[in-house]
file run.pdb (PDB, C-alpha atoms)
ATOM      1  CA  MET A 107      -2.446 -54.797  19.064
ATOM      2  CA  GLN A 108       0.973 -53.258  18.477
ATOM      3  CA  LYS A 109       0.456 -53.498  14.709
ATOM      4  CA  THR A 110      -2.904 -51.724  14.978
ATOM      5  CA  THR A 111      -1.256 -48.912  16.930
ATOM      6  CA  GLN A 112       1.453 -48.607  14.278
ATOM      7  CA  VAL A 113      -1.135 -48.462  11.480
ATOM      8  CA  LEU A 114      -3.082 -45.851  13.415
ATOM      9  CA  ALA A 115       0.079 -43.802  13.960
ATOM     10  CA  VAL A 116       0.949 -43.916  10.257
ATOM     11  CA  PHE A 117      -2.629 -42.986   9.360
ATOM     12  CA  CYS A 118      -2.558 -40.017  11.768
ATOM     13  CA  LEU A 119       0.783 -38.880  10.335
ATOM     14  CA  MET A 120      -0.581 -39.044   6.790
ATOM     15  CA  ALA A 121      -3.755 -37.202   7.806
ATOM     16  CA  ALA A 122      -1.665 -34.522   9.491
ATOM     17  CA  SER A 123       0.542 -34.031   6.415
ATOM     18  CA  VAL A 124      -2.474 -33.925   4.084
ATOM     19  CA  THR A 125      -4.143 -31.356   6.369
ATOM     20  CA  GLY A 126      -0.921 -29.339   6.431
ATOM     21  CA  MET A 127      -0.626 -29.410   2.653
ATOM     22  CA  ALA A 128      -4.270 -28.409   2.248
ATOM     23  CA  ALA A 129      -3.844 -25.572   4.732
ATOM     24  CA  SER A 130      -0.796 -24.229   2.898
ATOM     25  CA  ALA A 131      -2.611 -24.550  -0.441
ATOM     26  CA  MET A 132      -5.591 -22.658   0.957
ATOM     27  CA  ALA A 133      -3.396 -20.008   2.587
ATOM     28  CA  ALA A 134      -3.896 -16.390   1.519
ATOM     29  CA  PRO A 135      -2.285 -15.598  -1.819
ATOM     30  CA  THR A 136       1.030 -13.745  -1.750
ATOM     31  CA  GLU A 137       0.645  -9.985  -1.582
ATOM     32  CA  ARG A 138       1.658  -8.129  -4.745
ATOM     33  CA  TYR A 139       3.187  -4.663  -4.671
ATOM     34  CA  LEU A 140       3.264  -1.824  -7.155
ATOM     35  CA  HIS A 141       6.700  -0.220  -6.895
ATOM     36  CA  VAL A 142       7.647   3.246  -8.038
ATOM     37  CA  LYS A 143      11.286   4.289  -7.879
ATOM     38  CA  VAL A 144      12.534   7.723  -8.894
ATOM     39  CA  GLU A 145      16.247   8.432  -8.770
ATOM     40  CA  ASP A 146      17.896  11.738  -9.488
ATOM     41  CA  ALA A 147      21.631  11.222  -9.813
ATOM     42  CA  LYS A 148      22.342  14.948 -10.167
ATOM     43  CA  GLU A 149      20.573  15.930  -6.947
ATOM     44  CA  GLY A 150      21.471  12.699  -5.153
ATOM     45  CA  GLU A 151      17.816  12.047  -4.353
ATOM     46  CA  SER A 152      15.685   8.964  -4.524
ATOM     47  CA  VAL A 153      12.012   8.301  -3.817
ATOM     48  CA  LYS A 154      10.681   4.775  -3.481
ATOM     49  CA  VAL A 155       7.019   3.913  -3.020
ATOM     50  CA  ASN A 156       5.762   0.360  -2.506
ATOM     51  CA  LEU A 157       1.990   0.036  -2.535
ATOM     52  CA  PRO A 158       0.215  -3.289  -1.945
ATOM     53  CA  LEU A 159      -2.130  -3.815  -4.900
ATOM     54  CA  SER A 160      -4.829  -5.124  -2.552
ATOM     55  CA  VAL A 161      -4.789  -1.784  -0.692
ATOM     56  CA  ALA A 162      -5.075   0.162  -3.956
ATOM     57  CA  GLU A 163      -7.951  -2.108  -5.014
ATOM     58  CA  LYS A 164      -9.816  -1.403  -1.775
ATOM     59  CA  ILE A 165      -9.118   2.342  -1.687
ATOM     60  CA  LEU A 166      -9.939   3.320  -5.268
ATOM     61  CA  PRO A 167     -13.672   2.439  -5.189
ATOM     62  CA  THR A 168     -14.105   4.696  -2.140
ATOM     63  CA  ILE A 169     -12.735   7.775  -3.927
ATOM     64  CA  SER A 170     -15.114   9.954  -5.885
ATOM     65  CA  LYS A 171     -13.361  13.032  -7.150
ATOM     66  CA  GLY A 172     -12.880  14.616 -10.556
ATOM     67  CA  ASN A 173     -12.892  11.942 -13.247
ATOM     68  CA  LEU A 174     -12.468   9.100 -10.756
ATOM     69  CA  HIS A 175     -15.637   7.351  -9.544
ATOM     70  CA  GLU A 176     -15.943   3.866  -8.062
ATOM     71  CA  GLY A 177     -12.524   2.859  -9.305
ATOM     72  CA  ARG A 178     -13.230   4.011 -12.852
ATOM     73  CA  VAL A 179     -11.769   6.974 -14.694
ATOM     74  CA  THR A 180     -13.964   8.806 -17.166
ATOM     75  CA  ILE A 181     -12.214  10.099 -20.247
ATOM     76  CA  GLY A 182     -13.736  13.064 -22.013
ATOM     77  CA  HIS A 183     -14.924  12.336 -25.554
ATOM     78  CA  ALA A 184     -12.660  15.144 -26.706
ATOM     79  CA  ASP A 185      -9.625  13.162 -25.481
ATOM     80  CA  MET A 186     -10.627  10.149 -27.592
ATOM     81  CA  ASN A 187     -10.406  12.179 -30.824
ATOM     82  CA  GLY A 188     -13.211  10.084 -32.287
ATOM     83  CA  ILE A 189     -11.205   6.856 -31.971
ATOM     84  CA  ASP A 190     -13.108   3.687 -31.036
ATOM     85  CA  ILE A 191     -10.598   2.398 -28.500
ATOM     86  CA  LYS A 192     -12.422  -0.891 -27.884
ATOM     87  CA  ALA A 193     -12.496  -1.771 -31.591
ATOM     88  CA  LEU A 194      -8.818  -0.832 -31.817
ATOM     89  CA  LEU A 195      -7.936  -3.074 -28.866
ATOM     90  CA  GLU A 196      -9.979  -5.936 -30.266
ATOM     91  CA  ALA A 197      -8.028  -5.621 -33.506
ATOM     92  CA  ILE A 198      -4.705  -5.625 -31.643
ATOM     93  CA  ARG A 199      -5.756  -8.579 -29.481
ATOM     94  CA  THR A 200      -6.678 -10.752 -32.435
ATOM     95  CA  THR A 201      -3.606  -9.980 -34.506
ATOM     96  CA  PRO A 202      -0.443 -12.021 -33.936
ATOM     97  CA  ASP A 203       2.690 -10.455 -32.437
ATOM     98  CA  ASN A 204       3.610  -7.565 -34.610
ATOM     99  CA  GLU A 205       5.136  -4.123 -34.772
ATOM    100  CA  PHE A 206       2.232  -1.767 -35.388
ATOM    101  CA  VAL A 207       3.878   1.616 -35.508
ATOM    102  CA  THR A 208       7.458   2.588 -36.206
ATOM    103  CA  VAL A 209       8.242   6.251 -36.480
ATOM    104  CA  THR A 210      11.810   7.340 -37.047
ATOM    105  CA  GLN A 211      12.436  11.032 -36.870
ATOM    106  CA  LYS A 212      15.495  13.205 -36.543
ATOM    107  CA  ASP A 213      14.919  13.834 -32.863
ATOM    108  CA  GLN A 214      12.753  10.861 -31.839
ATOM    109  CA  ASP A 215      12.022   7.202 -32.593
ATOM    110  CA  VAL A 216       8.714   5.636 -31.584
ATOM    111  CA  ARG A 217       7.838   1.965 -31.707
ATOM    112  CA  VAL A 218       4.486   0.412 -30.787
ATOM    113  CA  ALA A 219       4.242  -3.363 -30.823
ATOM    114  CA  LYS A 220       2.586  -6.447 -29.422
ATOM    115  CA  SER A 221       4.900  -9.173 -28.222
ATOM    116  CA  ASN A 222       4.400 -12.241 -25.979
ATOM    117  CA  GLY A 223       1.023 -11.035 -24.751
ATOM    118  CA  ASN A 224       2.351  -7.576 -23.916
ATOM    119  CA  PHE A 225       1.530  -4.207 -25.390
ATOM    120  CA  ILE A 226       4.835  -2.393 -25.855
ATOM    121  CA  VAL A 227       5.683   1.248 -26.476
ATOM    122  CA  HIS A 228       9.289   2.418 -26.870
ATOM    123  CA  VAL A 229      10.185   6.058 -27.297
ATOM    124  CA  ARG A 230      13.771   7.152 -27.885
ATOM    125  CA  SER A 231      14.268  10.884 -27.836
ATOM    126  CA  HIS A 232      17.589  12.187 -29.102
ATOM    127  CA  GLU A 233      17.020  15.631 -27.671
ATOM    128  CA  LYS A 234      17.387  16.946 -24.119
ATOM    129  CA  GLY A 235      19.870  14.357 -22.965
ATOM    130  CA  ASN A 236      18.503  11.285 -24.715
ATOM    131  CA  GLU A 237      15.250  10.530 -22.955
ATOM    132  CA  ASN A 238      14.087   6.921 -23.241
ATOM    133  CA  VAL A 239      10.607   5.701 -22.333
ATOM    134  CA  ASP A 240       9.683   2.010 -22.288
ATOM    135  CA  VAL A 241       6.172   0.871 -21.482
ATOM    136  CA  THR A 242       5.259  -2.814 -21.284
ATOM    137  CA  ILE A 243       1.689  -3.575 -20.266
ATOM    138  CA  PRO A 244       0.284  -7.129 -20.314
ATOM    139  CA  MET A 245      -2.602  -7.287 -22.791
ATOM    140  CA  LYS A 246      -4.801  -8.810 -20.070
ATOM    141  CA  VAL A 247      -4.352  -5.609 -18.043
ATOM    142  CA  VAL A 248      -5.207  -3.451 -21.061
ATOM    143  CA  ASP A 249      -8.307  -5.592 -21.656
ATOM    144  CA  ALA A 250      -9.366  -5.184 -18.012
ATOM    145  CA  LEU A 251      -8.791  -1.441 -18.240
ATOM    146  CA  PHE A 252     -11.302  -1.204 -21.079
ATOM    147  CA  SER A 253     -13.680  -3.859 -19.710
ATOM    148  CA  THR A 254     -16.427  -1.431 -18.685
ATOM    149  CA  SER A 255     -19.672  -1.171 -20.624
ATOM    150  CA  LYS A 256     -19.086   2.515 -21.306
ATOM    151  CA  ASP A 257     -16.731   3.521 -24.110
ATOM    152  CA  ASN A 258     -15.271   6.504 -22.269
ATOM    153  CA  GLU A 259     -14.344   4.742 -19.027
ATOM    154  CA  LEU A 260     -11.227   2.995 -17.778
ATOM    155  CA  ASP A 261     -11.718   0.379 -15.069
ATOM    156  CA  VAL A 262      -8.606   0.925 -12.959
ATOM    157  CA  VAL A 263      -9.666  -1.500 -10.218
ATOM    158  CA  ALA A 264     -10.196  -4.333 -12.713
ATOM    159  CA  ALA A 265      -6.779  -3.581 -14.217
ATOM    160  CA  LEU A 266      -5.145  -3.681 -10.767
ATOM    161  CA  HIS A 267      -6.876  -6.963 -10.026
ATOM    162  CA  VAL A 268      -5.532  -8.534 -13.217
ATOM    163  CA  LEU A 269      -2.120  -7.028 -12.550
ATOM    164  CA  SER A 270      -2.051  -8.664  -9.124
ATOM    165  CA  ASP A 271      -2.717 -12.052 -10.737
ATOM    166  CA  ALA A 272      -0.024 -11.567 -13.376
ATOM    167  CA  GLY A 273       3.608 -12.424 -12.712
ATOM    168  CA  ASP A 274       6.435 -10.028 -11.876
ATOM    169  CA  ALA A 275       6.522  -7.333 -14.517
ATOM    170  CA  LEU A 276       8.501  -4.206 -15.298
ATOM    171  CA  LEU A 277       5.808  -1.840 -16.523
ATOM    172  CA  ILE A 278       7.401   1.525 -17.176
ATOM    173  CA  THR A 279      10.926   2.894 -17.289
ATOM    174  CA  VAL A 280      11.854   6.465 -18.067
ATOM    175  CA  GLN A 281      15.503   7.409 -18.315
ATOM    176  CA  ASP A 282      16.963  10.796 -19.101
ATOM    177  CA  ALA A 283      20.330  12.389 -18.463
ATOM    178  CA  THR A 284      19.794  12.729 -14.711
ATOM    179  CA  GLN A 285      16.599  10.973 -13.713
ATOM    180  CA  HIS A 286      15.556   7.354 -13.771
ATOM    181  CA  VAL A 287      11.961   6.286 -13.116
ATOM    182  CA  ARG A 288      10.883   2.666 -12.793
ATOM    183  CA  ILE A 289       7.402   1.267 -12.148
ATOM    184  CA  TRP A 290       7.040  -2.466 -11.659
ATOM    185  CA  VAL A 291       5.067  -5.179  -9.884
ATOM    186  CA  ASP A 292       6.399  -8.018  -7.746
ATOM    187  CA  SER A 293       5.758  -9.726  -4.438
ATOM    188  CA  ARG A 294       8.479  -8.030  -2.371
ATOM    189  CA  GLY A 295       7.539  -5.461   0.261
ATOM    190  CA  THR A 296      10.665  -3.382  -0.317
ATOM    191  CA  THR A 297      12.244  -1.814  -3.364
ATOM    192  CA  GLU A 298      15.677  -3.360  -2.920
TER     193      GLU A 298
ATOM    194  CA  MET B  40      -1.798 -14.510  56.725
ATOM    195  CA  ILE B  41      -3.360 -16.714  54.053
ATOM    196  CA  LEU B  42      -6.156 -14.179  53.650
ATOM    197  CA  LEU B  43      -3.582 -11.378  53.145
ATOM    198  CA  GLY B  44      -1.825 -13.526  50.568
ATOM    199  CA  LYS B  45      -5.111 -14.098  48.731
ATOM    200  CA  ILE B  46      -5.877 -10.365  48.738
ATOM    201  CA  ALA B  47      -2.384  -9.565  47.445
ATOM    202  CA  LEU B  48      -2.774 -12.203  44.757
ATOM    203  CA  GLY B  49      -6.170 -10.758  43.801
ATOM    204  CA  ILE B  50      -4.814  -7.208  43.592
ATOM    205  CA  THR B  51      -1.773  -8.319  41.567
ATOM    206  CA  GLY B  52      -4.006 -10.371  39.240
ATOM    207  CA  THR B  53      -6.374  -7.444  38.724
ATOM    208  CA  MET B  54      -3.455  -5.090  38.061
ATOM    209  CA  LEU B  55      -1.940  -7.513  35.559
ATOM    210  CA  ALA B  56      -5.299  -8.030  33.842
ATOM    211  CA  GLY B  57      -5.819  -4.236  33.705
ATOM    212  CA  LEU B  58      -2.331  -3.780  32.310
ATOM    213  CA  GLY B  59      -3.064  -6.454  29.706
ATOM    214  CA  VAL B  60      -6.277  -4.706  28.650
ATOM    215  CA  VAL B  61      -4.596  -1.280  28.497
ATOM    216  CA  CYS B  62      -1.729  -2.649  26.407
ATOM    217  CA  SER B  63      -3.951  -4.825  24.219
ATOM    218  CA  GLU B  64      -3.846  -2.348  21.324
ATOM    219  CA  GLY B  65      -0.060  -2.153  21.459
ATOM    220  CA  MET B  66       2.189   0.749  22.381
ATOM    221  CA  VAL B  67       2.825   4.142  20.871
ATOM    222  CA  GLU B  68       6.530   4.872  20.751
ATOM    223  CA  VAL B  69       8.049   8.289  20.141
ATOM    224  CA  ASN B  70      11.788   8.726  20.163
ATOM    225  CA  VAL B  71      13.302  12.093  19.274
ATOM    226  CA  VAL B  72      17.017  12.788  19.456
ATOM    227  CA  GLU B  73      18.127  16.342  18.744
ATOM    228  CA  ARG B  74      21.814  16.841  18.232
ATOM    229  CA  GLN B  75      22.003  20.526  17.408
ATOM    230  CA  PRO B  76      22.135  23.168  18.787
ATOM    231  CA  GLU B  77      21.899  21.206  22.029
ATOM    232  CA  VAL B  78      21.499  17.535  22.635
ATOM    233  CA  HIS B  79      17.937  16.614  23.640
ATOM    234  CA  HIS B  80      16.430  13.188  23.954
ATOM    235  CA  VAL B  81      12.687  12.639  24.269
ATOM    236  CA  TYR B  82      11.379   9.107  24.649
ATOM    237  CA  VAL B  83       7.715   8.282  25.200
ATOM    238  CA  LEU B  84       6.247   4.810  25.378
ATOM    239  CA  ALA B  85       2.512   4.804  26.046
ATOM    240  CA  PRO B  86      -0.352   2.324  25.634
ATOM    241  CA  ALA B  87      -2.044   2.957  22.289
ATOM    242  CA  MET B  88      -5.448   2.488  23.911
ATOM    243  CA  LEU B  89      -4.989   5.909  25.509
ATOM    244  CA  MET B  90      -5.292   7.579  22.080
ATOM    245  CA  PRO B  91      -9.009   6.910  21.466
ATOM    246  CA  ILE B  92      -9.720   7.374  25.183
ATOM    247  CA  ALA B  93      -7.995  10.785  25.106
ATOM    248  CA  ALA B  94      -9.921  11.678  21.943
ATOM    249  CA  HIS B  95     -13.126  10.766  23.769
ATOM    250  CA  PHE B  96     -12.432  13.346  26.476
ATOM    251  CA  VAL B  97     -11.635  16.244  24.146
ATOM    252  CA  PRO B  98     -14.590  18.687  24.232
ATOM    253  CA  ARG B  99     -16.889  18.043  21.257
ATOM    254  CA  HIS B 100     -16.923  21.681  20.094
ATOM    255  CA  LYS B 101     -13.122  21.734  19.873
ATOM    256  CA  MET B 102     -13.156  18.594  17.743
ATOM    257  CA  GLY B 103     -15.799  19.958  15.380
ATOM    258  CA  GLU B 104     -13.625  21.451  12.640
ATOM    259  CA  ALA B 105     -11.179  18.533  12.521
ATOM    260  CA  ALA B 106     -14.055  16.066  12.441
ATOM    261  CA  HIS B 107     -15.848  18.024   9.732
ATOM    262  CA  GLN B 108     -12.746  17.875   7.524
ATOM    263  CA  LEU B 109     -12.104  14.231   8.320
ATOM    264  CA  ARG B 110     -15.557  12.763   7.685
ATOM    265  CA  PRO B 111     -15.584  12.817   3.858
ATOM    266  CA  TYR B 112     -12.346  10.824   3.838
ATOM    267  CA  MET B 113     -13.426   8.233   6.393
ATOM    268  CA  PRO B 114     -14.576   5.578   3.876
ATOM    269  CA  THR B 115     -11.185   5.769   2.161
ATOM    270  CA  ILE B 116      -9.260   5.800   5.450
ATOM    271  CA  ARG B 117     -11.347   2.899   6.756
ATOM    272  CA  ALA B 118     -10.767   0.820   3.603
ATOM    273  CA  ALA B 119      -7.039   1.598   3.616
ATOM    274  CA  LEU B 120      -6.476   0.827   7.305
ATOM    275  CA  ASN B 121      -8.553  -2.369   7.222
ATOM    276  CA  GLN B 122      -6.609  -3.668   4.242
ATOM    277  CA  LEU B 123      -3.250  -2.530   5.631
ATOM    278  CA  ARG B 124      -3.914  -4.573   8.750
ATOM    279  CA  GLU B 125      -4.202  -7.655   6.564
ATOM    280  CA  CYS B 126      -0.947  -6.984   4.693
ATOM    281  CA  ASP B 127       2.484  -8.324   5.531
ATOM    282  CA  ASP B 128       5.132  -5.872   6.723
ATOM    283  CA  PHE B 129       6.326  -3.546   3.969
ATOM    284  CA  VAL B 130       8.049  -0.209   3.359
ATOM    285  CA  LEU B 131       5.458   2.227   2.006
ATOM    286  CA  VAL B 132       7.685   5.225   1.308
ATOM    287  CA  ASP B 133      11.433   5.685   1.358
ATOM    288  CA  VAL B 134      12.850   9.105   0.514
ATOM    289  CA  ASN B 135      16.562   9.786   0.458
ATOM    290  CA  ASP B 136      18.348  12.995  -0.299
ATOM    291  CA  ARG B 137      21.769  14.313   0.575
ATOM    292  CA  ASP B 138      20.875  15.314   4.133
ATOM    293  CA  GLN B 139      17.707  13.485   5.010
ATOM    294  CA  HIS B 140      16.220  10.023   5.037
ATOM    295  CA  VAL B 141      12.495   9.491   5.554
ATOM    296  CA  GLU B 142      10.953   6.046   5.792
ATOM    297  CA  ILE B 143       7.337   5.086   6.425
ATOM    298  CA  GLN B 144       6.669   1.405   6.887
ATOM    299  CA  LYS B 145       4.194  -1.063   8.252
ATOM    300  CA  LEU B 146       5.895  -3.173  10.864
ATOM    301  CA  ASP B 147       4.256  -5.674  13.243
ATOM    302  CA  GLY B 148       0.812  -4.092  12.950
ATOM    303  CA  SER B 149       2.105  -0.551  13.419
ATOM    304  CA  PHE B 150       2.872   2.393  11.203
ATOM    305  CA  VAL B 151       6.467   3.376  11.774
ATOM    306  CA  VAL B 152       7.853   6.725  10.646
ATOM    307  CA  ASP B 153      11.602   7.319  10.766
ATOM    308  CA  VAL B 154      13.215  10.623   9.887
ATOM    309  CA  LYS B 155      16.958  11.005  10.049
ATOM    310  CA  ASP B 156      19.005  14.068   9.227
ATOM    311  CA  GLN B 157      22.173  15.694  10.489
ATOM    312  CA  ASP B 158      20.437  17.542  13.312
ATOM    313  CA  GLU B 159      17.892  15.082  14.584
ATOM    314  CA  THR B 160      16.433  11.622  14.502
ATOM    315  CA  VAL B 161      12.700  11.044  14.887
ATOM    316  CA  HIS B 162      11.059   7.662  15.318
ATOM    317  CA  VAL B 163       7.290   7.314  15.744
ATOM    318  CA  SER B 164       5.531   3.982  15.913
ATOM    319  CA  THR B 165       1.733   3.791  16.213
ATOM    320  CA  PRO B 166      -0.436   0.664  16.062
ATOM    321  CA  ILE B 167      -2.808   0.753  13.081
ATOM    322  CA  ARG B 168      -5.715  -0.373  15.265
ATOM    323  CA  ALA B 169      -5.181   2.641  17.520
ATOM    324  CA  ILE B 170      -5.018   5.015  14.534
ATOM    325  CA  SER B 171      -8.244   3.495  13.252
ATOM    326  CA  SER B 172     -10.173   3.736  16.510
ATOM    327  CA  THR B 173      -8.911   7.271  17.213
ATOM    328  CA  LEU B 174      -9.973   8.519  13.777
ATOM    329  CA  GLU B 175     -13.359   6.799  14.181
ATOM    330  CA  GLN B 176     -13.705   8.559  17.520
ATOM    331  CA  VAL B 177     -12.878  11.952  16.007
ATOM    332  CA  ALA B 178     -15.223  11.447  13.039
ATOM    333  CA  ALA B 179     -18.041  10.234  15.279
ATOM    334  CA  SER B 180     -17.727  13.320  17.465
ATOM    335  CA  ASN B 181     -18.698  15.441  14.482
ATOM    336  CA  GLU B 182     -21.772  13.268  13.908
ATOM    337  CA  GLU B 183     -22.842  13.694  17.506
ATOM    338  CA  THR B 184     -22.308  17.466  17.347
ATOM    339  CA  THR B 185     -24.230  17.744  14.095
ATOM    340  CA  ASN B 186     -27.186  15.579  15.250
TER     341      ASN B 186
END
call {"tool": "encode", "arguments": {"input": "run.pdb", "output": "structure tokens"}}
result
Amino acid sequence: MQKTTQVLAVFCLMAASVTGMAASAMAAPTERYLHVKVEDAKEGESVKVNLPLSVAEKILPTISKGNLHEGRVTIGHADMNGIDIKALLEAIRTTPDNEFVTVTQKDQDVRVAKSNGNFIVHVRSHEKGNENVDVTIPMKVVDALFSTSKDNELDVVAALHVLSDAGDALLITVQDATQHVRIWVDSRGTTE
Amino acid sequence: MILLGKIALGITGTMLAGLGVVCSEGMVEVNVVERQPEVHHVYVLAPAMLMPIAAHFVPRHKMGEAAHQLRPYMPTIRAALNQLRECDDFVLVDVNDRDQHVEIQKLDGSFVVDVKDQDETVHVSTPIRAISSTLEQVAASNEETTN
């Protein structure tokens, strides 16, 4: 009788731990935040914005103003300059990691590349206090952005959704003599 | 004597239950400390449920313009507030300059706004549920006026 009780107790304990593990596995996924941080050393100012990606995903489809409708931004054909963006992206996606564009000028260097599944743009300006711009966008996000059936639309909601599934990523940094701008994604609810 | 005790118990129970219902949506907290030119301190702690109730008693015609302006944004506000309720606590905006610090955050189901500068400190905390139901009340008043 005592042995049966012990077996039952062990069984209950195991069931409880399995249930606990299943519950934690089924728990809501960790919230992801889009962070924007602007610092102006000269003025001694800083602005930090932390927006949960899930909130942005829910809000955007409800906004219908200007070029933004149902979470999609319409680009005028004039802005495309006759370029077939989707064909261009397909070409970039299928090529191995590479440096596509390198422009070296007296006042500015520009580099466009694909590396480790990221689309990368670096701009180094030697004028006006050496302004540097670095953009690193995961290719999956770029794909989602252009995943609509229309050629002149960007699906911002789809891009946000993919971004929320991607890991922590530093997306954009802009640095000039006085100001520093950073845009990144992680799972922390504060900037610091 | 036992009857009196039962009545007292009933009244106390009813009061406690009423208090529980009134406070069920949380509390609105406003704390303002002015340091200059004179020191003033204003502190208000009120049940958040009073917000939509108060909005209900505002005359419809006085609410008209506000409601008219609010209605187009209600789907966006609704989506934002519903999703914010689901989120963990986070700091939405943090602005620092030489003299002022402004912080807007979601904390324990409330929106908390803190403004600090040399002259004054302002702290306002409002439950998101109360904001939601008050705005719904205001927007609905426009519908009723229009229909």
call {"tool": "resolve_selection", "arguments": {"input": "run.pdb", "expression": "the ChimeraX specification (/B :<6) & /A", "output": "number ranges by chain"}}
result
A: 150-156, 161, 164-165, 168, 295-296
call {"tool": "residues_around", "arguments": {"input": "run.pdb", "residues": "stretch 135-144 of chain A", "least_positions_apart": "6", "cutoff": "7 Å", "atoms": "all atoms listed in the file", "output": "list in words"}}
result
Ser152, Val153, Lys154, Val155, Asn156, Leu157, Pro158, Leu159, Ser270, His286, Val287, Arg288, Ile289, Trp290, Val291, Asp292, Ser293, Arg294, Gly295 and Thr297 of chain A
call {"tool": "atom_distance", "arguments": {"input": "run.pdb", "atom1": "atom CA of A:Val218", "atom2": "atom CA of A:Val241"}}
result
9.5 Å
call {"tool": "resolve_selection", "arguments": {"input": "run.pdb", "expression": "the PyMOL selection byres ((chain A and resi 245-251) around 6)", "output": "list in words"}}
result
Gly223, Asn224, Phe225, Pro244, Phe252, Ser253, Leu260, Asp261, Val262, Ala264, Ala265 and Val268 of chain A
call {"tool": "residues_around", "arguments": {"input": "run.pdb", "residues": "B:Ala178", "least_positions_apart": "4", "cutoff": "9 Å", "atoms": "only C-alpha atoms", "output": "VMD selection string"}}
result
chain B and resid 102 to 103 105 to 110 113 173 to 174 182
call {"tool": "resolve_selection", "arguments": {"input": "run.pdb", "expression": "the PyMOL selection byres ((chain B and resi 83) around 10)", "output": "list in words"}}
result
Met66, Val67, Glu68, Val69, Asn70, Val71, Val81, Tyr82, Leu84, Ala85 and Val163 of chain B
call {"tool": "atom_distance", "arguments": {"input": "run.pdb", "atom1": "atom CA of B:Val72", "atom2": "atom CA of B:Phe150"}}
result
19.4 Å
call {"tool": "residues_around", "arguments": {"input": "run.pdb", "residues": "stretch 199-216 of chain A", "least_positions_apart": "6", "cutoff": "8 Å", "atoms": "only C-alpha atoms", "output": "PyMOL selection string"}}
result
chain A and resi 222-223+227-233+245
call {"tool": "atom_distance", "arguments": {"input": "run.pdb", "atom1": "atom CA of B:Pro166", "atom2": "atom CA of B:Pro86"}}
result
9.7 Å
call {"tool": "closest_residue", "arguments": {"input": "run.pdb", "among": "B:Leu89, B:Val151, B:Thr165, B:Leu42", "to": "B:Val60", "atoms": "only C-alpha atoms"}}
result
B:Leu89
call {"tool": "closest_residue", "arguments": {"input": "run.pdb", "among": "B:Gly49, B:Gly57, B:Gly65, B:Pro98", "to": "B:Ile167", "atoms": "only C-alpha atoms"}}
result
B:Gly65
call {"tool": "closest_residue", "arguments": {"input": "run.pdb", "among": "B:Met40, B:Arg74, B:Thr53, B:Val177", "to": "B:Lys101", "atoms": "only C-alpha atoms"}}
result
B:Val177
